[in-house]
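Participant: Structure provided below as C-alpha cells; questions to follow.
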Amino acid sequence: MNSQINSANQYLNDWLKQVVDQVQPSQVKWCDGSDEEYDQLVSDMVASQDLMPLNQETYPNCFLYRSHPDDVARSEHLTYICTKEKSDVGDNNNWLSSQDGHQRVDPLFAGSMKGRTMYVIPYCMGPLESPYAQFGVEVTDSPYVVVNMKKMTTMGSQVLEKINHLGPKFVRGLHCTGDLSPNRRWIMHFPEEMMIKSFGSGYGGNALLGKKCHALRLASYQAKQEGWLAEHMLIVGIENPQGEKVYVAAAFPSACGKTNLAMLIPPESYPGWKIWTVGDDIAWLFPGDDGRLWAINPEAGFFGVAPGTSEKTNPHAFHMLRKNTLFTNVGLTASNEPWWEGKDKSSPAYNWRGQSASESTNSQPFAHPNARFTVSCAECSSYEQQPPGGVPISAILFGSRRAELVPLVFQAKNWLEGVLAGAAMCSETTAAATGEIGVLRNDPMAMKPFCGYNFGDYWAHWIEVGKKLSHPPQIFHVNWFRQDKDGQFMWPGFGENIRVLEWVVARSNNRLDAQVSPLGYLPIGSDISLTGLDDMTPEELARLLYVDGAAYAAHLENVLAYFKKFSPKTPSVLLEACQAMIAQLKS
Ligand code: SAT
Ligand code: MN
C-alpha cells in the first residue's frame with residue numbers, strides 16, 4: 001500500500017504513510033479531479049444505492065443523497081479547536097490540548113478504513129493562480145465527500161502539482177465516516193499543526209474539510225498571524241444602470257439568506273441594476289498596497305440550503321439546480337424530481353428519509369430544513385469569474401436574523417463602530433447546526449461557529465486590519481427579518497433588498513446625506529426607494545428603521561457583558577465604544 005504513496009512532496013508522503021498505517025484501507029486512490037473520475041464515482045454510488053439518480057430528463061446529471069438521519073447538520077458541540085494554550089482559543093470554542101485532541105480521536109481512526117478505499121484529494125481554496133490561494137489534502141473514505149469536493153474546490157492532479165513544491169505548507173485533513181454514531185463523532189482542528197481530524201459524520205460542514213474546517217477555522221487562525229481576515233461572508237458585485245460596479249461583502253449566520261443575496265435579481269422597478277455573484281459563503285479579505293481591502297472567494301461551488309429556494313426567492317439558483325447538481329436530504333415528487341418546502345406547485349411523494357407521503361408524519365417537513373444542493377459556481381448565470389488578485393470591497397454588511405429591535409439598515413460612523421456592530425451581532429439559531437432552532441445567541445460577525453481562535457483576539461485583529469486601510473470599506477448592519485406584532489415579516493426581502501443595497505452603495509460613494517443617530521447613520525426615509533413596492537407605505541418603512549433607544553441600550557448592555565467574558569483579550573477601545581454608545585442611546 002505504501003508504495004502508492006509516491007508524490008514528489010516528502011512531507012505529504014510521510015503523513016499519508018502514517019495515515020495508511022493507522023486506518024488500514026484496502027486500497028488508496030489518488031483523486032485526479034477529472035470528469036471521468038467524477039462520473040465513475042457517481043455510477044459506483046448509484047450501483048451501491050448510496051446515490052439516487054433523479055429524473056434525468058428534467059434534472060439531467062442530478063442525484064440525491066440521503067444522509068443518516070442523525071447526521072444532517074454541523075455538530076457544533078462536537079467541534080473542537082486543539083492548541084497548546086486554552087487562552088488562544090477562547091470560550092467561543094470547545095478546547096482540548098493538542099495532545100488530548102489527538103488522543104481522543106486517534107483510537108477511533110485505528111483500522112477505520114479496513115475493507116474500504118482511502119481517497120486522497122489534493123485541493124486548492126481560491127483560484128489556482130491566485131497569490132492568496134491555500135492548499136490542502138483531504139483523506140477520506142467517503143465517495144460522497146469526493147464528488148462534493150469536486151464541485152466545491154479546485155482539486156486533483158493540477159493541484160498536486162502545486163503541492164509538490166510547497167514543502168510542509170498545506171493543510172492535512174483526515175476524514176473517516178465511521179459508524180455515524182453521534183457518540184463517536186468529533187471534528188478536531190489543530191491550527192498549530194495545520195491539521196484537521198474529522199470522525200463519524202458524512203455531513204457537509206463536518207466532512208467537506210476544505211469548507212468550514214479549513215477555509216474558516218484554520219484560515220482565520222492563519223489570517224490572524226499574517227494580517228488578513230477569513231470571514232463567513234458572501235461577495236457580490238453591484239452594477240448600477242450607469243455601468244459602475246461596486247463590490248460588497250456580507251456576513252450572515254448560516255441559513256439566513258446569503259445565497260439569495262449573492263444571487264439577487266432586482267425587481268422590474270430597478271431597470272439596469274445587476275448583481276454579480278462572486279461567492280455565497282466565505283470571503284478571504286486582504287489589505288492591499290493601495291489601502292483598500294481586497295477579497296477572494298476561496299470556494300468553487302455553492303453548498304446552499306434547498307428549502308425556500310424558488311423562482312420567486314432566487315431565480316438564478318432555481319435554474320442552476322436543474323442540472324449537474326447533487327442534492328442532500330430533499331424530498332421527491334412522484335416523477336422523481338427533487339422537492340422541498342417553498343419550491344413550487346408540485347407535491348411531494350417521499351420525504352427526505354424516503355418514506356412515502358402516507359407513511360410520513362403530517363406535521364414533519366418533506367425536505368430536511370437543512371437539505372442542501374451542491375453545484376459548481378460555473379453553473380450560476382450571475383457568477384463572475386474572480387480575478388486572481390480578488391475584487392476591491394467598498395462596503396461590508398453585517399446581518400442578523402432579528403424579529404425585533406434591529407433596524408432594516410444603519411451605517412457605522414467609522415471602522416471601530418463597524419467592528420462593534422459586527423461584534424454585537426446576535427441572531428436566532430437555524431437548522432444549519434444541530435440543536436434548538438430560533439434561540440437568540442451572540443454570533444459576532446456570524447463567526448461564532450467558525451472563528452478558530454479567541455474572540456477577544458479576533459476583535460482586536462479586526463481593529464488592527466482597519467488601521468492598515470487608508471480607504472476602508474464602509475460598514476453597515478442590516479436586518480431583513482424584523483416582524484410586526486402579528487409575527488409577519490415587515491420587509492419583503494429577496495430581490496427587494498436591492499433598495500437597501502442602493503443606499504449602501506450611495507453612502508459608500510459619499511453620494512447621500514443621512515440622519516445621524518447614536519447607532520450610526522440611518523437613511524433619510526425617502527432615500528430608500530419604495531417605487532414599485534405597492535404594499536409598503538412610508539410609515540411602515542419608518543417603523544422598519546425605528547430604533548428604540550432604551551431597548552437597544554439594554555441589548556448593548558448584554559453585549560458588553562458578553563465582551564467582558566473575553567477580557568483581558570477584549571480590546572479596551574471596543575468596550576469603550578460600546579459603553580459610549582449605550583450612554584448616547586440612553587440620553
Ligand atoms: O454545513 S456547512 O457548514 O457547510 C453550511 C453552513 O452551515 O453554513
Ligand atoms: Mn455558511
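Chain labels run A, B, ... following the order of the C-alpha cells; each chain numbers its residues from 1, and ligands are numbered from 1 in the order shown.
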Do a neighbour search on Phe373 of chain A at 8 Å with only C-alpha atoms, toss out local chain neighbours closer than 3 positions, and write the hits as a PDB file with all heavy atoms, in the first residue's frame.

Facilitator:
ATOM      1  N   PHE A 302     -21.248  26.093  -4.660  1.00  0.00           N
ATOM      2  CA  PHE A 302     -22.230  26.510  -3.653  1.00  0.00           C
ATOM      3  C   PHE A 302     -22.774  25.280  -2.952  1.00  0.00           C
ATOM      4  O   PHE A 302     -23.133  24.303  -3.618  1.00  0.00           O
ATOM      5  CB  PHE A 302     -23.396  27.257  -4.308  1.00  0.00           C
ATOM      6  CG  PHE A 302     -22.972  28.399  -5.189  1.00  0.00           C
ATOM      7  CD1 PHE A 302     -23.181  28.358  -6.563  1.00  0.00           C
ATOM      8  CD2 PHE A 302     -22.346  29.519  -4.657  1.00  0.00           C
ATOM      9  CE1 PHE A 302     -22.791  29.404  -7.394  1.00  0.00           C
ATOM     10  CE2 PHE A 302     -21.947  30.576  -5.468  1.00  0.00           C
ATOM     11  CZ  PHE A 302     -22.174  30.517  -6.841  1.00  0.00           C
ATOM     12  N   PHE A 303     -22.820  25.349  -1.618  1.00  0.00           N
ATOM     13  CA  PHE A 303     -23.443  24.292  -0.823  1.00  0.00           C
ATOM     14  C   PHE A 303     -24.605  24.983  -0.113  1.00  0.00           C
ATOM     15  O   PHE A 303     -24.499  25.408   1.025  1.00  0.00           O
ATOM     16  CB  PHE A 303     -22.406  23.728   0.165  1.00  0.00           C
ATOM     17  CG  PHE A 303     -22.884  22.574   1.000  1.00  0.00           C
ATOM     18  CD1 PHE A 303     -23.222  21.357   0.414  1.00  0.00           C
ATOM     19  CD2 PHE A 303     -22.982  22.685   2.375  1.00  0.00           C
ATOM     20  CE1 PHE A 303     -23.655  20.288   1.189  1.00  0.00           C
ATOM     21  CE2 PHE A 303     -23.414  21.619   3.157  1.00  0.00           C
ATOM     22  CZ  PHE A 303     -23.752  20.422   2.568  1.00  0.00           C
ATOM     23  N   GLY A 304     -25.708  25.144  -0.859  1.00  0.00           N
ATOM     24  CA  GLY A 304     -26.775  26.036  -0.393  1.00  0.00           C
ATOM     25  C   GLY A 304     -27.939  25.291   0.222  1.00  0.00           C
ATOM     26  O   GLY A 304     -28.116  24.085   0.031  1.00  0.00           O
ATOM     27  N   VAL A 305     -28.752  26.034   0.959  1.00  0.00           N
ATOM     28  CA  VAL A 305     -29.952  25.473   1.584  1.00  0.00           C
ATOM     29  C   VAL A 305     -31.048  25.370   0.518  1.00  0.00           C
ATOM     30  O   VAL A 305     -31.411  26.381  -0.096  1.00  0.00           O
ATOM     31  CB  VAL A 305     -30.439  26.392   2.727  1.00  0.00           C
ATOM     32  CG1 VAL A 305     -31.690  25.827   3.384  1.00  0.00           C
ATOM     33  CG2 VAL A 305     -29.339  26.580   3.767  1.00  0.00           C
ATOM     34  N   ALA A 306     -31.594  24.173   0.316  1.00  0.00           N
ATOM     35  CA  ALA A 306     -32.647  23.990  -0.704  1.00  0.00           C
ATOM     36  C   ALA A 306     -34.003  24.562  -0.262  1.00  0.00           C
ATOM     37  O   ALA A 306     -34.612  25.322  -1.020  1.00  0.00           O
ATOM     38  CB  ALA A 306     -32.756  22.512  -1.076  1.00  0.00           C
ATOM     39  N   LEU A 321     -30.009  24.800 -10.490  1.00  0.00           N
ATOM     40  CA  LEU A 321     -30.185  23.482  -9.880  1.00  0.00           C
ATOM     41  C   LEU A 321     -30.840  22.475 -10.811  1.00  0.00           C
ATOM     42  O   LEU A 321     -31.097  21.346 -10.409  1.00  0.00           O
ATOM     43  CB  LEU A 321     -31.067  23.588  -8.626  1.00  0.00           C
ATOM     44  CG  LEU A 321     -30.565  24.529  -7.554  1.00  0.00           C
ATOM     45  CD1 LEU A 321     -31.492  24.537  -6.365  1.00  0.00           C
ATOM     46  CD2 LEU A 321     -29.169  24.100  -7.128  1.00  0.00           C
ATOM     47  N   THR A 325     -26.307  18.790 -10.474  1.00  0.00           N
ATOM     48  CA  THR A 325     -26.401  19.151  -9.054  1.00  0.00           C
ATOM     49  C   THR A 325     -26.542  17.913  -8.173  1.00  0.00           C
ATOM     50  O   THR A 325     -27.242  16.967  -8.534  1.00  0.00           O
ATOM     51  CB  THR A 325     -27.623  20.077  -8.843  1.00  0.00           C
ATOM     52  OG1 THR A 325     -27.459  21.231  -9.664  1.00  0.00           O
ATOM     53  CG2 THR A 325     -27.765  20.503  -7.389  1.00  0.00           C
ATOM     54  N   LEU A 326     -25.871  17.966  -7.028  1.00  0.00           N
ATOM     55  CA  LEU A 326     -26.053  16.913  -6.019  1.00  0.00           C
ATOM     56  C   LEU A 326     -26.988  17.457  -4.950  1.00  0.00           C
ATOM     57  O   LEU A 326     -26.741  18.536  -4.402  1.00  0.00           O
ATOM     58  CB  LEU A 326     -24.703  16.571  -5.369  1.00  0.00           C
ATOM     59  CG  LEU A 326     -23.624  16.035  -6.311  1.00  0.00           C
ATOM     60  CD1 LEU A 326     -22.270  16.005  -5.597  1.00  0.00           C
ATOM     61  CD2 LEU A 326     -23.994  14.631  -6.792  1.00  0.00           C
ATOM     62  N   PHE A 327     -28.049  16.735  -4.679  1.00  0.00           N
ATOM     63  CA  PHE A 327     -28.970  17.148  -3.617  1.00  0.00           C
ATOM     64  C   PHE A 327     -28.768  16.249  -2.402  1.00  0.00           C
ATOM     65  O   PHE A 327     -28.529  15.048  -2.541  1.00  0.00           O
ATOM     66  CB  PHE A 327     -30.421  17.020  -4.095  1.00  0.00           C
ATOM     67  CG  PHE A 327     -30.788  18.019  -5.153  1.00  0.00           C
ATOM     68  CD1 PHE A 327     -30.667  17.712  -6.504  1.00  0.00           C
ATOM     69  CD2 PHE A 327     -31.252  19.282  -4.796  1.00  0.00           C
ATOM     70  CE1 PHE A 327     -30.996  18.637  -7.483  1.00  0.00           C
ATOM     71  CE2 PHE A 327     -31.588  20.218  -5.774  1.00  0.00           C
ATOM     72  CZ  PHE A 327     -31.462  19.894  -7.113  1.00  0.00           C
ATOM     73  N   THR A 328     -28.872  16.843  -1.240  1.00  0.00           N
ATOM     74  CA  THR A 328     -28.761  16.073   0.002  1.00  0.00           C
ATOM     75  C   THR A 328     -30.015  16.301   0.842  1.00  0.00           C
ATOM     76  O   THR A 328     -30.362  17.461   1.123  1.00  0.00           O
ATOM     77  CB  THR A 328     -27.506  16.515   0.800  1.00  0.00           C
ATOM     78  OG1 THR A 328     -26.353  16.312  -0.021  1.00  0.00           O
ATOM     79  CG2 THR A 328     -27.341  15.706   2.082  1.00  0.00           C
TER      80      THR A 328
END

Participant: Could the residues of chain A that have an atom at most 6 Å from ligand 1 be listed as a tab-separated table, each with its closest atom pair and the distance in Å to one decimal, counting only C-alpha atoms and all ligand atoms and ordered by chain and ascending residue number?

Facilitator:
residue	atom	partner	partner_atom_place_in_ligand_line	distance
A:Ala73	CA	ligand 1	1 (O)	5.9
A:Arg74	CA	ligand 1	1 (O)	5.4
A:Gly204	CA	ligand 1	1 (O)	4.7
A:Gly205	CA	ligand 1	4 (O)	3.4
A:Lys212	CA	ligand 1	3 (O)	5.7
A:Ser254	CA	ligand 1	8 (O)	4.2
A:Ala432	CA	ligand 1	7 (O)	4.6

Participant: As a ChimeraX atom specification, please: all residues of segment 32-248 of chain A that backbone DSSP puts in alpha helix (DSSP H).

Facilitator: /A:35-47,98-109,143-152,157-163,204-207,219-226

Participant: Using only C-alpha atoms and all ligand atoms, can you tell me which of A:Phe494, A:Trp459, A:Tyr270, A:Phe252 comes closest to ligand 2?

Facilitator: A:Phe252

Participant: Could you tell me, counting only C-alpha atoms and all ligand atoms, which protein and nucleic acid residues lie no more than 8 Å from ligand 2, written as an MDAnalysis selection string?

Facilitator: chainID A and resid 212 232:233 253:255 281:282

Participant: For Pro182 of chain A, please output as a short mmCIF file (atom, residue, chain, number, x, y, z; two decimals) with N, CA and C atoms, in the first residue's frame all residues within 8 Å (counting only C-alpha atoms; exclusion window: fewer than 4 positions along the same chain).

Facilitator:
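As a result, selection.cif now contains:
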data_model
loop_
_atom_site.label_atom_id
_atom_site.label_comp_id
_atom_site.auth_asym_id
_atom_site.auth_seq_id
_atom_site.Cartn_x
_atom_site.Cartn_y
_atom_site.Cartn_z
N ASP A 70 -29.32 10.97 11.77
CA ASP A 70 -28.66 11.66 12.89
C ASP A 70 -27.48 12.50 12.42
N ASP A 71 -27.38 12.68 11.12
CA ASP A 71 -26.17 13.32 10.58
C ASP A 71 -26.58 14.28 9.46
N GLY A 200 -16.76 10.37 12.04
CA GLY A 200 -18.11 9.97 12.44
C GLY A 200 -19.25 10.79 11.87
N SER A 201 -18.96 11.66 10.88
CA SER A 201 -20.03 12.40 10.23
C SER A 201 -19.74 12.47 8.73
#

Participant: Counting only C-alpha atoms, what are the residues of segment 322-421 of chain A within 10 Å of segment 485-493 of chain A, and for each of them which pair of atoms is the nearest and at what distance in Å, to one decimal? Sort the table by chain and rising number, as JSON lines.

Facilitator:
{"residue": "A:Ala403", "atom": "CA", "partner": "A:Phe489", "partner_atom": "CA", "distance": 8.0}
{"residue": "A:Glu404", "atom": "CA", "partner": "A:Lys485", "partner_atom": "CA", "distance": 9.5}
{"residue": "A:Leu408", "atom": "CA", "partner": "A:Trp491", "partner_atom": "CA", "distance": 8.0}

Participant: Output all heavy atoms for every residue in that selection, as a tab-separated table (two decimals), in the first residue's frame.

Facilitator:
chain	number	residue	atom	x	y	z
A	403	ALA	N	-36.13	39.28	14.97
A	403	ALA	CA	-37.55	39.59	14.84
A	403	ALA	C	-37.86	40.99	15.36
A	403	ALA	O	-38.82	41.63	14.92
A	403	ALA	CB	-38.38	38.54	15.60
A	404	GLU	N	-37.06	41.46	16.30
A	404	GLU	CA	-37.33	42.76	16.94
A	404	GLU	C	-36.08	43.62	16.97
A	404	GLU	O	-34.99	43.15	16.66
A	404	GLU	CB	-37.81	42.52	18.38
A	404	GLU	CG	-39.16	41.84	18.44
A	404	GLU	CD	-39.52	41.41	19.85
A	404	GLU	OE1	-38.63	41.44	20.72
A	404	GLU	OE2	-40.68	41.04	20.05
A	408	LEU	N	-33.79	48.02	9.81
A	408	LEU	CA	-33.52	47.46	8.48
A	408	LEU	C	-32.06	47.69	8.08
A	408	LEU	O	-31.40	46.78	7.57
A	408	LEU	CB	-34.47	48.12	7.47
A	408	LEU	CG	-34.34	47.70	6.02
A	408	LEU	CD1	-34.65	46.22	5.82
A	408	LEU	CD2	-35.26	48.56	5.14

Participant: Can you list, as a list of chain:residue names, every protein, DNA or RNA residue that comes within 8 Å of Tyr350 of chain A when you count only C-alpha atoms, leaving out same-chain residues fewer than 3 positions away?

Facilitator: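 Once the adjacent positions are removed, what remains is A:Gly331, A:Leu332, A:Thr333, A:Ala334, A:Arg353, A:Gly354, A:Gln355, A:Ser356, A:Ala357, A:Phe366.
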
Participant: Deliver the residues from the most recent selection as a file, using all heavy atoms, as an mmCIF file, in the first residue's frame.

Facilitator:
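Result saved to out25.cif:
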data_model
loop_
_atom_site.group_PDB
_atom_site.id
_atom_site.type_symbol
_atom_site.label_atom_id
_atom_site.label_comp_id
_atom_site.auth_asym_id
_atom_site.auth_seq_id
_atom_site.Cartn_x
_atom_site.Cartn_y
_atom_site.Cartn_z
ATOM 1 N N GLY A 331 -36.829 16.053 -0.447
ATOM 2 C CA GLY A 331 -37.879 15.078 -0.725
ATOM 3 C C GLY A 331 -37.926 14.779 -2.223
ATOM 4 O O GLY A 331 -37.094 15.278 -3.001
ATOM 5 N N LEU A 332 -38.909 13.954 -2.625
ATOM 6 C CA LEU A 332 -39.044 13.571 -4.028
ATOM 7 C C LEU A 332 -40.493 13.690 -4.464
ATOM 8 O O LEU A 332 -41.397 13.410 -3.675
ATOM 9 C CB LEU A 332 -38.664 12.096 -4.201
ATOM 10 C CG LEU A 332 -37.199 11.722 -4.336
ATOM 11 C CD1 LEU A 332 -37.103 10.206 -4.503
ATOM 12 C CD2 LEU A 332 -36.577 12.428 -5.532
ATOM 13 N N THR A 333 -40.689 14.061 -5.730
ATOM 14 C CA THR A 333 -42.050 14.019 -6.288
ATOM 15 C C THR A 333 -42.284 12.623 -6.876
ATOM 16 O O THR A 333 -41.346 11.824 -6.994
ATOM 17 C CB THR A 333 -42.224 15.042 -7.422
ATOM 18 O OG1 THR A 333 -41.384 14.631 -8.513
ATOM 19 C CG2 THR A 333 -41.838 16.441 -6.977
ATOM 20 N N ALA A 334 -43.529 12.374 -7.303
ATOM 21 C CA ALA A 334 -43.845 11.075 -7.903
ATOM 22 C C ALA A 334 -43.066 10.878 -9.201
ATOM 23 O O ALA A 334 -42.789 9.756 -9.612
ATOM 24 C CB ALA A 334 -45.339 10.986 -8.154
ATOM 25 N N ARG A 353 -36.325 11.086 4.124
ATOM 26 C CA ARG A 353 -35.880 9.772 4.578
ATOM 27 C C ARG A 353 -36.381 8.654 3.663
ATOM 28 O O ARG A 353 -36.162 7.479 3.938
ATOM 29 C CB ARG A 353 -36.359 9.539 6.001
ATOM 30 C CG ARG A 353 -35.810 10.599 6.948
ATOM 31 C CD ARG A 353 -36.222 10.372 8.356
ATOM 32 N NE ARG A 353 -35.633 9.135 8.875
ATOM 33 C CZ ARG A 353 -35.698 8.755 10.137
ATOM 34 N NH1 ARG A 353 -36.315 9.519 11.016
ATOM 35 N NH2 ARG A 353 -35.154 7.637 10.535
ATOM 36 N N GLY A 354 -37.082 9.036 2.598
ATOM 37 C CA GLY A 354 -37.553 8.039 1.646
ATOM 38 C C GLY A 354 -38.902 7.452 2.007
ATOM 39 O O GLY A 354 -39.362 6.497 1.366
ATOM 40 N N GLN A 355 -39.556 8.000 3.038
ATOM 41 C CA GLN A 355 -40.883 7.490 3.393
ATOM 42 C C GLN A 355 -41.924 8.112 2.476
ATOM 43 O O GLN A 355 -41.837 9.298 2.136
ATOM 44 C CB GLN A 355 -41.204 7.853 4.851
ATOM 45 C CG GLN A 355 -40.273 7.181 5.843
ATOM 46 C CD GLN A 355 -40.257 7.896 7.180
ATOM 47 O OE1 GLN A 355 -40.268 9.124 7.250
ATOM 48 N NE2 GLN A 355 -40.222 7.125 8.253
ATOM 49 N N SER A 356 -42.914 7.317 2.113
ATOM 50 C CA SER A 356 -43.949 7.843 1.216
ATOM 51 C C SER A 356 -44.838 8.807 1.984
ATOM 52 O O SER A 356 -44.857 8.807 3.220
ATOM 53 C CB SER A 356 -44.765 6.707 0.632
ATOM 54 O OG SER A 356 -45.540 6.140 1.654
ATOM 55 N N ALA A 357 -45.591 9.614 1.222
ATOM 56 C CA ALA A 357 -46.415 10.647 1.846
ATOM 57 C C ALA A 357 -47.345 10.044 2.896
ATOM 58 O O ALA A 357 -47.566 10.627 3.959
ATOM 59 C CB ALA A 357 -47.208 11.377 0.784
ATOM 60 N N PHE A 366 -41.109 17.678 4.345
ATOM 61 C CA PHE A 366 -40.692 16.598 3.439
ATOM 62 C C PHE A 366 -39.198 16.682 3.125
ATOM 63 O O PHE A 366 -38.532 15.667 3.004
ATOM 64 C CB PHE A 366 -41.531 16.631 2.158
ATOM 65 C CG PHE A 366 -42.830 15.911 2.341
ATOM 66 C CD1 PHE A 366 -43.886 16.513 3.014
ATOM 67 C CD2 PHE A 366 -42.993 14.614 1.883
ATOM 68 C CE1 PHE A 366 -45.069 15.845 3.210
ATOM 69 C CE2 PHE A 366 -44.177 13.934 2.085
ATOM 70 C CZ PHE A 366 -45.234 14.551 2.750
#

Participant: Mind checking which residues fall within 9 Å of segment 186-189 of chain A, counting only C-alpha atoms, ignoring those fewer than 3 positions away in the same chain, and posting them as a ChimeraX atom specification?

Facilitator: /A:75-83,98,101-102,104-105,175,182-183,192-201,206-207,213-214,217-218,452

Participant: So that I have them on file, write out the residues from the current selection with N, CA, C and O atoms, as a CSV table (one decimal), in the first residue's frame.

Facilitator:
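Done, and the output landed in part.csv:
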chain,number,residue,atom,x,y,z
A,75,SER,N,-22.2,19.7,13.7
A,75,SER,CA,-22.3,19.4,15.2
A,75,SER,C,-21.4,20.3,15.9
A,75,SER,O,-20.2,20.0,16.2
A,76,GLU,N,-21.9,21.4,16.3
A,76,GLU,CA,-21.0,22.4,16.9
A,76,GLU,C,-20.5,22.0,18.3
A,76,GLU,O,-19.4,22.3,18.7
A,77,HIS,N,-21.3,21.2,19.0
A,77,HIS,CA,-20.9,20.8,20.4
A,77,HIS,C,-19.8,19.7,20.3
A,77,HIS,O,-19.1,19.4,21.3
A,78,LEU,N,-19.6,19.1,19.1
A,78,LEU,CA,-18.5,18.1,18.9
A,78,LEU,C,-17.3,18.7,18.1
A,78,LEU,O,-16.5,17.9,17.7
A,79,THR,N,-17.3,20.0,17.9
A,79,THR,CA,-16.3,20.6,17.1
A,79,THR,C,-15.3,21.3,18.1
A,79,THR,O,-15.7,22.1,18.9
A,80,TYR,N,-14.0,21.0,17.9
A,80,TYR,CA,-13.0,21.4,18.9
A,80,TYR,C,-11.9,22.1,18.2
A,80,TYR,O,-11.5,21.8,17.0
A,81,ILE,N,-11.3,23.1,18.9
A,81,ILE,CA,-10.0,23.7,18.4
A,81,ILE,C,-9.0,23.2,19.4
A,81,ILE,O,-9.2,23.5,20.7
A,82,CYS,N,-8.0,22.6,19.0
A,82,CYS,CA,-7.0,22.0,19.9
A,82,CYS,C,-5.6,22.7,19.7
A,82,CYS,O,-5.1,22.8,18.6
A,83,THR,N,-5.2,23.3,20.8
A,83,THR,CA,-3.9,24.1,20.8
A,83,THR,C,-3.2,23.8,22.1
A,83,THR,O,-3.7,23.2,23.0
A,98,SER,N,-3.7,20.0,22.4
A,98,SER,CA,-3.5,19.2,21.1
A,98,SER,C,-3.3,17.7,21.4
A,98,SER,O,-3.8,16.9,20.7
A,101,GLY,N,-6.5,16.2,22.2
A,101,GLY,CA,-7.4,16.1,21.0
A,101,GLY,C,-7.0,14.9,20.1
A,101,GLY,O,-7.8,14.1,19.7
A,102,HIS,N,-5.7,14.7,19.9
A,102,HIS,CA,-5.2,13.6,19.2
A,102,HIS,C,-5.6,12.3,19.9
A,102,HIS,O,-6.1,11.3,19.3
A,104,ARG,N,-8.0,11.7,21.8
A,104,ARG,CA,-9.4,11.4,21.8
A,104,ARG,C,-9.9,10.7,20.5
A,104,ARG,O,-10.7,9.8,20.5
A,105,VAL,N,-9.3,11.2,19.4
A,105,VAL,CA,-9.8,10.7,18.1
A,105,VAL,C,-8.9,9.5,17.5
A,105,VAL,O,-9.5,8.7,16.8
A,175,HIS,N,-10.4,12.5,7.2
A,175,HIS,CA,-11.9,12.3,7.5
A,175,HIS,C,-12.3,10.8,7.3
A,175,HIS,O,-11.9,10.2,6.4
A,182,PRO,N,-23.6,9.5,16.8
A,182,PRO,CA,-23.2,10.9,17.4
A,182,PRO,C,-22.3,10.7,18.6
A,182,PRO,O,-21.7,11.7,19.0
A,183,ASN,N,-22.3,9.5,19.2
A,183,ASN,CA,-21.4,9.4,20.4
A,183,ASN,C,-19.9,9.1,20.0
A,183,ASN,O,-19.0,9.1,20.8
A,192,GLU,N,-2.2,24.8,15.0
A,192,GLU,CA,-0.7,24.9,15.1
A,192,GLU,C,0.0,23.9,14.2
A,192,GLU,O,1.1,24.1,13.9
A,193,GLU,N,-0.8,22.9,13.9
A,193,GLU,CA,-0.2,21.8,13.0
A,193,GLU,C,-0.8,21.8,11.6
A,193,GLU,O,-0.5,20.9,10.8
A,194,MET,N,-1.6,22.8,11.3
A,194,MET,CA,-2.4,22.8,10.0
A,194,MET,C,-3.0,21.5,9.7
A,194,MET,O,-2.9,20.9,8.7
A,195,MET,N,-3.8,21.0,10.8
A,195,MET,CA,-4.3,19.7,10.6
A,195,MET,C,-5.8,19.6,11.1
A,195,MET,O,-6.2,20.4,12.0
A,196,ILE,N,-6.6,18.7,10.4
A,196,ILE,CA,-8.0,18.5,10.8
A,196,ILE,C,-8.2,17.0,10.9
A,196,ILE,O,-7.7,16.3,10.1
A,197,LYS,N,-8.9,16.6,12.0
A,197,LYS,CA,-9.3,15.2,12.1
A,197,LYS,C,-10.8,15.2,12.3
A,197,LYS,O,-11.2,15.6,13.3
A,198,SER,N,-11.5,14.6,11.4
A,198,SER,CA,-13.0,14.6,11.5
A,198,SER,C,-13.5,13.1,11.4
A,198,SER,O,-13.2,12.5,10.4
A,199,PHE,N,-14.1,12.7,12.4
A,199,PHE,CA,-14.6,11.3,12.5
A,199,PHE,C,-16.1,11.2,12.8
A,199,PHE,O,-16.6,11.9,13.7
A,200,GLY,N,-16.8,10.4,12.0
A,200,GLY,CA,-18.1,10.0,12.4
A,200,GLY,C,-19.2,10.8,11.9
A,200,GLY,O,-20.4,10.6,12.3
A,201,SER,N,-19.0,11.7,10.9
A,201,SER,CA,-20.0,12.4,10.2
A,201,SER,C,-19.7,12.5,8.7
A,201,SER,O,-18.6,12.7,8.3
A,206,ASN,N,-19.2,19.2,8.3
A,206,ASN,CA,-18.3,18.3,9.2
A,206,ASN,C,-17.3,17.5,8.4
A,206,ASN,O,-16.3,17.0,8.9
A,207,ALA,N,-17.6,17.3,7.1
A,207,ALA,CA,-16.9,16.3,6.3
A,207,ALA,C,-16.2,16.9,5.1
A,207,ALA,O,-15.1,16.4,4.6
A,213,CYS,N,-13.9,23.9,8.0
A,213,CYS,CA,-12.8,23.5,8.8
A,213,CYS,C,-11.5,24.2,8.4
A,213,CYS,O,-10.8,24.8,9.2
A,214,HIS,N,-11.3,24.2,7.1
A,214,HIS,CA,-10.0,24.8,6.5
A,214,HIS,C,-10.2,26.3,6.3
A,214,HIS,O,-9.6,27.1,6.9
A,217,ARG,N,-12.1,28.0,10.0
A,217,ARG,CA,-11.4,27.8,11.3
A,217,ARG,C,-9.9,27.9,11.2
A,217,ARG,O,-9.3,28.7,11.9
A,218,LEU,N,-9.3,27.1,10.4
A,218,LEU,CA,-7.8,27.2,10.3
A,218,LEU,C,-7.4,28.4,9.6
A,218,LEU,O,-6.4,29.1,10.0
A,452,GLY,N,-11.5,30.3,14.5
A,452,GLY,CA,-10.6,29.3,15.1
A,452,GLY,C,-9.8,29.8,16.2
A,452,GLY,O,-8.8,29.1,16.6

Participant: Enter the distance from atom CA of Pro538 of chain A to atom CA of Val248 of chain A, in Å, rounded to one decimal.

Facilitator: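 Going from atom CA of Pro538 of chain A over to atom CA of Val248 of chain A, I get 26.7 Å.
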
Participant: Quick one: residues within 6 Å of segment 437-446 of chain A, only C-alpha atoms, excluding same-chain residues fewer than 6 positions away - as an mmCIF file with C-alpha atoms, in the first residue's frame?

Facilitator:
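Result saved to selection-v1.cif:
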data_model
loop_
_atom_site.group_PDB
_atom_site.id
_atom_site.type_symbol
_atom_site.label_atom_id
_atom_site.label_comp_id
_atom_site.auth_asym_id
_atom_site.auth_seq_id
_atom_site.Cartn_x
_atom_site.Cartn_y
_atom_site.Cartn_z
ATOM 1 C CA ALA A 251 -21.725 38.297 6.822
ATOM 2 C CA PHE A 252 -24.874 36.460 7.875
ATOM 3 C CA PRO A 253 -25.209 33.350 10.023
ATOM 4 C CA GLY A 422 -20.365 43.153 13.824
ATOM 5 C CA ALA A 423 -19.183 42.001 17.227
ATOM 6 C CA ALA A 424 -22.560 42.896 18.772
ATOM 7 C CA MET A 425 -24.461 40.628 16.373
ATOM 8 C CA CYS A 426 -26.985 38.310 17.963
ATOM 9 C CA SER A 427 -29.005 36.005 15.755
ATOM 10 C CA GLU A 428 -31.646 33.320 16.044
ATOM 11 C CA THR A 429 -30.263 29.812 15.536
ATOM 12 C CA THR A 430 -31.216 27.895 12.357
#
